[in-house]
Amino acid sequence: MPETLFEKVWNRHVVEANDAATLLYIDRHLIHEVTSPQAFDGLRLAKRKVRRPELSFATVDHNVPTENQLDIREPMSRRQVEALRANCKEFGVTLYDIKSGRQGIVHVIGPELGLTLPGTTICCGDSHTSTHGAFGALAFGIGTSEVEHILATQTLWQGRRPATYGVEVTGSLAPGLEPKDIILAIIRAIGTGGATGHVIEYYGPAIRALSMEGRMTICNMSIEGGARAGLIAPDDITIEYYTKVDRPYAPKGKELDAAIADWRTLKTEDAAAFDKHVTVDASSLVPQVTWGTNPAMTIDVTGTIPDPGNVPFSSRQDAERALEYMGLKPGTPVSDIPVDIVFIGSCTNGRIEDLRSAAAVFKGRRVAQGVRTLVVPGSEQVKNQAQAEGLDRVFTEAGAEWREAGCSMCLAMNPDKLTPQQRSASTSNRNFEGRQGPGGRTHLVSPAMAAAAAVTGKFTDVRKLLAERV
Amino acid sequence: MEPFVSHRGRVALLDWSDVNTDLIIPARYLKRIERTGYGPLLFADKRYVDGGAPAPDAPETHGAENPDFPLNSPEAKGSTLLVVGPNFGCGSSREHAVWAVAQAGYRAVIAKGKDEGFADIFEGNAYNNGLLPIELPPADWEVVADGVRNGKNVEATVDLQNLTLTLHANGSDKVIKIDVPEGQRNRLLKGLDAIGETLQLDSKISEHEAKLAAWLTPAVA
């Protein structure tokens, strides 16, 4: 049987299989402070040790304050960070702590450090582990019981093998359009549960044209379409990620050559079939903005807020609840909606290219009166690189706040959050009720669109701002 | 893990689609490092009146209940079986969501749609905590939901041995077949510890490790 990329990666990790379940070997295990303390407690309780401590890597991200990382004032946040430090020490797991120079959002530092490699299995107690699929790794989020299982055994039981979902992205992105617009358009097309039980493979010319950063943005939000994981087959761009920049944990020399020879085989064979398939045309996209309380509730920036009776994948009752929560009326043009807060960052859009595209919009402009703008690098390394490129000055001269690395306003576990009824333009991944703070109203957009909202005070088609430059 | 063989209890209905784990338990409660105490935090931003949700460091202390929240209705009090719309538990991987549902007293969650009732990670987490996730085809799900909508203090029995869900409503019993993957069923019936089982496969894991390509070993940073 001709195999898909997913099947190839899956099959090479099978340790044991029976009719009911498969035991998969997990090559890399990433850990953060929120979903791990109970797992380490479980090990202690059962007097178990970590089977391969050299394959687990930890960092702190969710609780870290981004104004001053060292100043964790909230006692519960501090206790959680300290618990991770103690657990890593006790069990021999490498921790990239605050000010290590390599700390950051777990899904940003994994690739940076060369932990993320094509053809591997990668797990983390975090749903956005799908990010690493951009490299052709089978990467997925797990619960805390499974974190404990991997620590103890370096394996994970999986029930039925996931089905495959081919997502073909044709054409090419026009200026002002970004990978975030592609993935929002995909989720809009398939629904938040459209890929449940499936692993997505993204392919097609618009995917091939993307940098690794862009591919990570796409794979990151696979989970928002319900997918177990998202994958992109490795190519020259993937391989250059390891050959052009020194990645500390990546293979070197002859081992890198052997790895590359293997990575070249990681692709879906022409005759292999996906269980489900959808095509999205990148050329026809306009910038996307979410209006509701799940990421499928997305419209064009040129559009209007929909009638609740006419929302794909949602009942009238669910759509009415979303409109009420968001404080929006059907028929309102998206471009009339004002914003209070702009957040640029997260594991979706906190990498260097994201900051560059936001800076291109900010340059020579000012943040609109009354709007607060946070620009948060995804890692210490991203922060340093942005500063070396002078991007930090572009942000601060525009009146935006240049912060330290962390999850920041993505999920309201640190001091960066919305207050009730505050409305944000956010480059993060979830517009769920309360996600950025109780009562907060989130609209997901690309980094360029977030910057456009910051400088105009409302949702503005960034293509207009870019046209002004010409 | 506590075995699940058969359970009879009151049924509650939350007829919302795409209920995400941020809604099931908001992120601020994830700062807790304990594995217990999550029951009162279930749907914390929905089930209490404005400002009534517990502080993260005092989960037992909360304001008045929001009478408009479906699970606060008198019929839902003391319920141990939760009927929900499709794609329940989508979003974040937080196992705290399952802990909250289980520690609020639920033994099983019954979602609408085969293969689309539960988000994948939530479903796996539920099995790992002895909370039985049951996906019903829409027609069967409607029978259960209608029974709850139209009845008073409706109960049901989930029998994992015989793979049935029996709805006890309006003086009659309706038996519905349920489908639970055999591996999970066996583990739940016996209350098995997954790690303990896997550790018995140690030699197979070692065999796999012996065959790994050299480039898979992390280089020295």
# chains A, B, ... in the order shown; residues from 1 in each chain; ligands from 1
>>> residues_around(residues="stretch 243-248 of chain A", least_positions_apart="3", cutoff="12 Å", atoms="only C-alpha atoms", output="ChimeraX atom specification")
/A:102,109-117,236-240,251-253,256-257,259-260,381 /B:218-221
>>> interface_residues(of="chain A", to="chain B", cutoff="7 Å", atoms="only C-alpha atoms", output="PyMOL selection string")
chain A and resi 15+20-21+34-35+37-38+76-77+80+125-127+141-145+149+153+193+196-197+223-224+226+228+248-251+255-256+259+318+411-413+433+435
>>> closest_residue(among="A:Ile352, A:Met409, A:Leu23, A:Ala258", to="A:His62", atoms="only C-alpha atoms")
A:Met409
>>> residues_around(residues="stretch 293-298 of chain A", least_positions_apart="2", cutoff="9 Å", atoms="only C-alpha atoms", output="ChimeraX atom specification")
/A:184-192,224-225,288-291,300,311-314,319,321-323,325-326,429-433,441-444 /B:18,20
>>> write_last_selection(atoms="C-alpha atoms", output="short mmCIF file (atom, residue, chain, number, x, y, z; two decimals), in the first residue's frame")
data_model
loop_
_atom_site.label_atom_id
_atom_site.label_comp_id
_atom_site.auth_asym_id
_atom_site.auth_seq_id
_atom_site.Cartn_x
_atom_site.Cartn_y
_atom_site.Cartn_z
CA LEU A 184 -8.02 30.76 9.60
CA ALA A 185 -9.55 30.21 6.15
CA ILE A 186 -8.97 26.45 6.47
CA ILE A 187 -10.65 26.27 9.90
CA ARG A 188 -13.47 28.44 8.58
CA ALA A 189 -13.91 25.90 5.77
CA ILE A 190 -13.79 22.68 7.83
CA GLY A 191 -15.17 23.79 11.23
CA THR A 192 -13.64 23.45 14.69
CA GLU A 224 -8.34 24.46 16.25
CA GLY A 225 -9.80 22.39 13.42
CA GLN A 288 -9.29 37.04 7.89
CA VAL A 289 -10.79 38.17 11.20
CA THR A 290 -12.66 36.01 13.71
CA TRP A 291 -15.92 37.55 14.94
CA ASP A 300 -13.19 38.50 5.63
CA VAL A 311 -23.32 30.67 10.62
CA PRO A 312 -21.68 27.51 9.27
CA PHE A 313 -21.16 24.71 11.84
CA SER A 314 -23.14 26.57 14.55
CA ALA A 319 -24.29 31.77 17.26
CA ARG A 321 -24.68 33.29 22.41
CA ALA A 322 -21.44 34.12 20.59
CA LEU A 323 -22.78 37.44 19.27
CA TYR A 325 -20.73 37.55 24.35
CA MET A 326 -18.81 39.49 21.71
CA ASN A 429 -4.96 30.98 18.43
CA ARG A 430 -8.17 30.93 20.47
CA ASN A 431 -11.06 33.36 20.61
CA PHE A 432 -12.88 31.27 23.23
CA GLU A 433 -14.97 33.01 25.87
CA ARG A 441 -13.54 39.71 23.56
CA THR A 442 -10.92 38.27 21.25
CA HIS A 443 -10.60 38.66 17.49
CA LEU A 444 -7.89 36.51 15.91
CA ASP B 18 -18.13 22.97 20.76
CA ASN B 20 -14.05 24.01 24.90
#
>>> select_by_dssp(residues="stretch 30-79 of chain A", states="helix (DSSP H, G or I)", output="list of chain:residue names")
A:Pro37, A:Gln38, A:Ala39, A:Phe40, A:Asp41, A:Gly42, A:Leu43, A:Arg44, A:Leu45, A:Pro53, A:Glu54, A:Leu55, A:Pro75, A:Met76, A:Ser77, A:Arg78, A:Arg79
>>> write_last_selection(atoms="all heavy atoms", output="short mmCIF file (atom, residue, chain, number, x, y, z; two decimals), in the first residue's frame")
data_model
loop_
_atom_site.label_atom_id
_atom_site.label_comp_id
_atom_site.auth_asym_id
_atom_site.auth_seq_id
_atom_site.Cartn_x
_atom_site.Cartn_y
_atom_site.Cartn_z
N PRO A 37 3.16 19.28 36.93
CA PRO A 37 3.42 18.99 38.35
C PRO A 37 2.74 17.71 38.84
O PRO A 37 3.35 16.93 39.58
CB PRO A 37 2.89 20.23 39.09
CG PRO A 37 2.16 21.06 38.10
CD PRO A 37 2.61 20.65 36.74
N GLN A 38 1.49 17.48 38.40
CA GLN A 38 0.78 16.28 38.85
C GLN A 38 1.40 15.02 38.26
O GLN A 38 1.30 13.95 38.86
CB GLN A 38 -0.70 16.38 38.48
CG GLN A 38 -1.46 17.54 39.15
CD GLN A 38 -1.38 18.85 38.38
OE1 GLN A 38 -0.64 18.99 37.40
NE2 GLN A 38 -2.14 19.84 38.83
N ALA A 39 2.04 15.15 37.09
CA ALA A 39 2.70 13.98 36.49
C ALA A 39 3.92 13.58 37.31
O ALA A 39 4.14 12.40 37.60
CB ALA A 39 3.10 14.30 35.05
N PHE A 40 4.72 14.56 37.69
CA PHE A 40 5.88 14.26 38.52
C PHE A 40 5.44 13.72 39.89
O PHE A 40 6.07 12.80 40.43
CB PHE A 40 6.76 15.51 38.70
CG PHE A 40 7.58 15.85 37.48
CD1 PHE A 40 7.30 16.98 36.71
CD2 PHE A 40 8.66 15.05 37.09
CE1 PHE A 40 8.06 17.30 35.59
CE2 PHE A 40 9.43 15.37 35.98
CZ PHE A 40 9.13 16.49 35.23
N ASP A 41 4.36 14.29 40.43
CA ASP A 41 3.82 13.77 41.70
C ASP A 41 3.45 12.29 41.56
O ASP A 41 3.69 11.49 42.46
CB ASP A 41 2.56 14.54 42.12
CG ASP A 41 2.91 15.85 42.81
OD1 ASP A 41 4.08 16.04 43.19
OD2 ASP A 41 2.00 16.69 42.97
N GLY A 42 2.85 11.96 40.42
CA GLY A 42 2.45 10.58 40.16
C GLY A 42 3.65 9.64 40.17
O GLY A 42 3.60 8.54 40.72
N LEU A 43 4.75 10.10 39.55
CA LEU A 43 5.97 9.28 39.55
C LEU A 43 6.47 9.06 40.97
O LEU A 43 6.82 7.94 41.36
CB LEU A 43 7.08 9.97 38.74
CG LEU A 43 6.91 10.08 37.23
CD1 LEU A 43 8.14 10.77 36.63
CD2 LEU A 43 6.71 8.73 36.58
N ARG A 44 6.48 10.14 41.75
CA ARG A 44 6.97 10.02 43.13
C ARG A 44 6.11 9.05 43.93
O ARG A 44 6.62 8.19 44.65
CB ARG A 44 6.94 11.41 43.81
CG ARG A 44 8.25 12.15 43.74
CD ARG A 44 8.23 13.41 44.61
NE ARG A 44 7.31 14.39 44.08
CZ ARG A 44 7.66 15.34 43.20
NH1 ARG A 44 8.90 15.45 42.81
NH2 ARG A 44 6.77 16.19 42.75
N LEU A 45 4.79 9.19 43.76
CA LEU A 45 3.84 8.36 44.49
C LEU A 45 4.07 6.88 44.19
O LEU A 45 3.99 6.03 45.08
CB LEU A 45 2.42 8.75 44.06
CG LEU A 45 1.40 8.90 45.16
CD1 LEU A 45 1.69 10.17 45.95
CD2 LEU A 45 0.00 8.97 44.57
N PRO A 53 15.63 10.56 30.77
CA PRO A 53 15.58 12.00 31.09
C PRO A 53 16.21 12.86 30.01
O PRO A 53 15.85 14.03 29.86
CB PRO A 53 16.33 12.10 32.42
CG PRO A 53 16.99 10.79 32.64
CD PRO A 53 16.29 9.77 31.81
N GLU A 54 17.13 12.29 29.22
CA GLU A 54 17.81 13.08 28.19
C GLU A 54 16.92 13.34 26.96
O GLU A 54 17.32 14.05 26.05
CB GLU A 54 19.13 12.40 27.78
CG GLU A 54 18.99 11.13 26.95
CD GLU A 54 18.66 9.85 27.75
OE1 GLU A 54 18.23 9.97 28.91
OE2 GLU A 54 18.82 8.75 27.18
N LEU A 55 15.72 12.77 26.96
CA LEU A 55 14.79 13.03 25.84
C LEU A 55 13.66 13.97 26.23
O LEU A 55 12.77 14.24 25.43
CB LEU A 55 14.22 11.71 25.30
CG LEU A 55 15.24 10.70 24.74
CD1 LEU A 55 14.54 9.44 24.22
CD2 LEU A 55 16.10 11.32 23.65
N PRO A 75 1.53 34.48 43.87
CA PRO A 75 2.11 33.34 44.60
C PRO A 75 1.87 31.98 43.93
O PRO A 75 2.75 31.13 43.92
CB PRO A 75 1.41 33.40 45.96
CG PRO A 75 0.90 34.80 46.09
CD PRO A 75 0.63 35.29 44.70
N MET A 76 0.67 31.79 43.35
CA MET A 76 0.41 30.48 42.73
C MET A 76 1.25 30.27 41.47
O MET A 76 1.68 29.15 41.18
CB MET A 76 -1.07 30.32 42.40
CG MET A 76 -1.93 30.22 43.65
SD MET A 76 -3.65 29.94 43.25
CE MET A 76 -3.64 28.21 42.83
N SER A 77 1.47 31.34 40.74
CA SER A 77 2.33 31.24 39.55
C SER A 77 3.76 30.91 39.97
O SER A 77 4.44 30.08 39.36
CB SER A 77 2.34 32.56 38.77
OG SER A 77 1.11 32.73 38.11
N ARG A 78 4.20 31.59 41.03
CA ARG A 78 5.58 31.38 41.49
C ARG A 78 5.75 29.94 41.97
O ARG A 78 6.73 29.26 41.65
CB ARG A 78 5.88 32.37 42.63
CG ARG A 78 7.36 32.62 42.82
CD ARG A 78 7.62 33.87 43.64
NE ARG A 78 6.93 33.83 44.91
CZ ARG A 78 6.15 34.80 45.39
NH1 ARG A 78 5.97 35.92 44.70
NH2 ARG A 78 5.56 34.70 46.56
N ARG A 79 4.75 29.46 42.70
CA ARG A 79 4.80 28.09 43.22
C ARG A 79 4.87 27.07 42.06
O ARG A 79 5.60 26.08 42.13
CB ARG A 79 3.54 27.83 44.07
CG ARG A 79 3.54 26.49 44.77
CD ARG A 79 2.34 26.34 45.69
NE ARG A 79 1.09 26.23 44.94
CZ ARG A 79 0.07 25.42 45.27
NH1 ARG A 79 0.15 24.68 46.36
NH2 ARG A 79 -1.02 25.37 44.55
#
>>> select_by_dssp(residues="stretch 130-291 of chain A", states="strand (DSSP E or B)", output="JSON, numbers by chain")
{"A": [138, 139, 140, 141, 155, 156, 157, 158, 163, 164, 165, 166, 167, 168, 169, 170, 198, 199, 200, 201, 202, 203, 229, 230, 231, 276, 277, 278, 279, 280, 281, 288, 289, 290]}
>>> decode(residues="stretch 37-168 of chain B", atoms="C-alpha atoms", output="JSON list (two decimals), in the first residue's frame")
[["chain", "number", "residue", "atom", "x", "y", "z"],
["B", 37, "GLY", "CA", -10.20, 19.96, 44.36],
["B", 38, "TYR", "CA", -11.40, 20.74, 40.82],
["B", 39, "GLY", "CA", -15.11, 19.84, 41.28],
["B", 40, "PRO", "CA", -16.27, 23.35, 42.30],
["B", 41, "LEU", "CA", -14.26, 24.84, 39.41],
["B", 42, "LEU", "CA", -16.26, 23.05, 36.69],
["B", 43, "PHE", "CA", -17.69, 25.73, 34.37],
["B", 44, "ALA", "CA", -16.61, 28.33, 36.95],
["B", 45, "ASP", "CA", -17.31, 31.32, 34.70],
["B", 46, "LYS", "CA", -20.82, 30.04, 33.85],
["B", 47, "ARG", "CA", -22.20, 28.36, 36.92],
["B", 48, "TYR", "CA", -21.83, 31.18, 39.44],
["B", 49, "VAL", "CA", -23.28, 34.71, 39.36],
["B", 50, "ASP", "CA", -20.97, 37.47, 38.07],
["B", 51, "GLY", "CA", -18.00, 37.75, 40.41],
["B", 52, "GLY", "CA", -18.98, 34.53, 42.18],
["B", 53, "ALA", "CA", -16.36, 32.20, 40.73],
["B", 54, "PRO", "CA", -13.87, 30.85, 43.30],
["B", 55, "ALA", "CA", -10.45, 32.44, 43.63],
["B", 56, "PRO", "CA", -7.77, 30.04, 42.32],
["B", 57, "ASP", "CA", -6.30, 29.68, 45.81],
["B", 58, "ALA", "CA", -9.68, 29.01, 47.45],
["B", 59, "PRO", "CA", -11.58, 26.63, 45.17],
["B", 60, "GLU", "CA", -14.21, 25.77, 47.77],
["B", 61, "THR", "CA", -15.29, 29.37, 48.33],
["B", 62, "HIS", "CA", -17.71, 30.72, 45.77],
["B", 63, "GLY", "CA", -20.67, 33.06, 45.32],
["B", 64, "ALA", "CA", -24.28, 32.19, 44.53],
["B", 65, "GLU", "CA", -25.06, 29.87, 41.63],
["B", 66, "ASN", "CA", -26.24, 31.33, 38.35],
["B", 67, "PRO", "CA", -29.84, 30.06, 38.02],
["B", 68, "ASP", "CA", -29.70, 30.36, 34.21],
["B", 69, "PHE", "CA", -26.89, 27.84, 33.80],
["B", 70, "PRO", "CA", -28.44, 24.51, 32.70],
["B", 71, "LEU", "CA", -26.46, 22.39, 35.17],
["B", 72, "ASN", "CA", -27.83, 24.48, 38.05],
["B", 73, "SER", "CA", -31.45, 23.53, 37.35],
["B", 74, "PRO", "CA", -33.17, 21.54, 40.13],
["B", 75, "GLU", "CA", -33.41, 18.55, 37.74],
["B", 76, "ALA", "CA", -29.64, 18.56, 37.23],
["B", 77, "LYS", "CA", -28.80, 18.53, 40.95],
["B", 78, "GLY", "CA", -26.96, 15.41, 41.95],
["B", 79, "SER", "CA", -26.61, 14.28, 38.35],
["B", 80, "THR", "CA", -23.80, 11.84, 37.58],
["B", 81, "LEU", "CA", -24.33, 11.44, 33.83],
["B", 82, "LEU", "CA", -23.76, 14.45, 31.60],
["B", 83, "VAL", "CA", -25.30, 14.75, 28.13],
["B", 84, "VAL", "CA", -23.54, 17.28, 25.89],
["B", 85, "GLY", "CA", -23.46, 18.57, 22.30],
["B", 86, "PRO", "CA", -20.87, 17.67, 19.65],
["B", 87, "ASN", "CA", -17.12, 18.40, 19.86],
["B", 88, "PHE", "CA", -17.16, 18.52, 23.65],
["B", 89, "GLY", "CA", -13.77, 19.27, 25.22],
["B", 90, "CYS", "CA", -12.20, 20.93, 22.19],
["B", 91, "GLY", "CA", -9.24, 23.27, 22.52],
["B", 92, "SER", "CA", -6.60, 23.04, 25.21],
["B", 93, "SER", "CA", -5.20, 19.65, 26.27],
["B", 94, "ARG", "CA", -5.65, 20.45, 29.98],
["B", 95, "GLU", "CA", -6.54, 17.27, 31.85],
["B", 96, "HIS", "CA", -7.89, 19.59, 34.54],
["B", 97, "ALA", "CA", -11.07, 19.71, 32.43],
["B", 98, "VAL", "CA", -11.60, 15.99, 32.93],
["B", 99, "TRP", "CA", -10.64, 16.25, 36.59],
["B", 100, "ALA", "CA", -13.28, 18.99, 37.02],
["B", 101, "VAL", "CA", -16.03, 16.94, 35.34],
["B", 102, "ALA", "CA", -15.12, 13.77, 37.26],
["B", 103, "GLN", "CA", -14.61, 15.51, 40.59],
["B", 104, "ALA", "CA", -17.96, 17.29, 40.21],
["B", 105, "GLY", "CA", -19.43, 13.80, 40.44],
["B", 106, "TYR", "CA", -19.89, 12.70, 36.82],
["B", 107, "ARG", "CA", -19.05, 9.10, 35.86],
["B", 108, "ALA", "CA", -19.82, 9.34, 32.14],
["B", 109, "VAL", "CA", -20.31, 12.03, 29.50],
["B", 110, "ILE", "CA", -22.64, 11.32, 26.58],
["B", 111, "ALA", "CA", -21.87, 13.41, 23.49],
["B", 112, "LYS", "CA", -23.66, 13.85, 20.19],
["B", 113, "GLY", "CA", -22.23, 12.26, 17.04],
["B", 114, "LYS", "CA", -20.11, 9.18, 16.36],
["B", 115, "ASP", "CA", -16.46, 10.18, 15.97],
["B", 116, "GLU", "CA", -17.34, 13.84, 16.50],
["B", 117, "GLY", "CA", -18.83, 13.90, 19.98],
["B", 118, "PHE", "CA", -15.54, 14.50, 21.75],
["B", 119, "ALA", "CA", -12.33, 16.27, 20.87],
["B", 120, "ASP", "CA", -9.51, 13.71, 20.69],
["B", 121, "ILE", "CA", -7.37, 14.85, 23.62],
["B", 122, "PHE", "CA", -10.33, 15.24, 25.99],
["B", 123, "GLU", "CA", -11.53, 11.75, 25.10],
["B", 124, "GLY", "CA", -8.12, 10.22, 25.86],
["B", 125, "ASN", "CA", -7.86, 12.13, 29.11],
["B", 126, "ALA", "CA", -11.34, 10.95, 30.12],
["B", 127, "TYR", "CA", -10.42, 7.28, 29.68],
["B", 128, "ASN", "CA", -7.24, 7.82, 31.68],
["B", 129, "ASN", "CA", -9.34, 9.06, 34.60],
["B", 130, "GLY", "CA", -12.12, 6.49, 34.56],
["B", 131, "LEU", "CA", -14.61, 9.01, 33.16],
["B", 132, "LEU", "CA", -16.45, 7.13, 30.41],
["B", 133, "PRO", "CA", -16.87, 9.15, 27.19],
["B", 134, "ILE", "CA", -19.82, 7.81, 25.18],
["B", 135, "GLU", "CA", -20.47, 8.99, 21.64],
["B", 136, "LEU", "CA", -23.98, 8.32, 20.35],
["B", 137, "PRO", "CA", -25.29, 8.64, 16.79],
["B", 138, "PRO", "CA", -27.49, 11.78, 16.60],
["B", 139, "ALA", "CA", -30.77, 9.83, 16.58],
["B", 140, "ASP", "CA", -29.88, 7.90, 19.75],
["B", 141, "TRP", "CA", -28.51, 11.04, 21.35],
["B", 142, "GLU", "CA", -31.81, 12.83, 20.68],
["B", 143, "VAL", "CA", -33.71, 10.03, 22.43],
["B", 144, "VAL", "CA", -31.64, 10.62, 25.56],
["B", 145, "ALA", "CA", -31.73, 14.43, 25.29],
["B", 146, "ASP", "CA", -35.51, 14.41, 24.71],
["B", 147, "GLY", "CA", -35.94, 12.13, 27.69],
["B", 148, "VAL", "CA", -34.13, 14.68, 29.86],
["B", 149, "ARG", "CA", -35.91, 17.69, 28.31],
["B", 150, "ASN", "CA", -39.37, 16.19, 28.77],
["B", 151, "GLY", "CA", -38.95, 14.22, 31.98],
["B", 152, "LYS", "CA", -38.40, 14.91, 35.65],
["B", 153, "ASN", "CA", -35.40, 13.52, 37.50],
["B", 154, "VAL", "CA", -34.55, 11.26, 34.61],
["B", 155, "GLU", "CA", -32.04, 8.51, 35.33],
["B", 156, "ALA", "CA", -29.99, 6.22, 33.16],
["B", 157, "THR", "CA", -27.84, 3.12, 33.62],
["B", 158, "VAL", "CA", -24.56, 2.74, 31.79],
["B", 159, "ASP", "CA", -23.53, -0.90, 31.64],
["B", 160, "LEU", "CA", -19.99, -1.24, 30.35],
["B", 161, "GLN", "CA", -20.06, -5.02, 30.65],
["B", 162, "ASN", "CA", -22.99, -5.32, 28.25],
["B", 163, "LEU", "CA", -22.32, -2.09, 26.34],
["B", 164, "THR", "CA", -25.75, -0.57, 26.90],
["B", 165, "LEU", "CA", -27.17, 2.71, 28.07],
["B", 166, "THR", "CA", -30.67, 2.36, 29.51],
["B", 167, "LEU", "CA", -32.75, 5.48, 29.85],
["B", 168, "HIS", "CA", -35.24, 5.37, 32.71]]
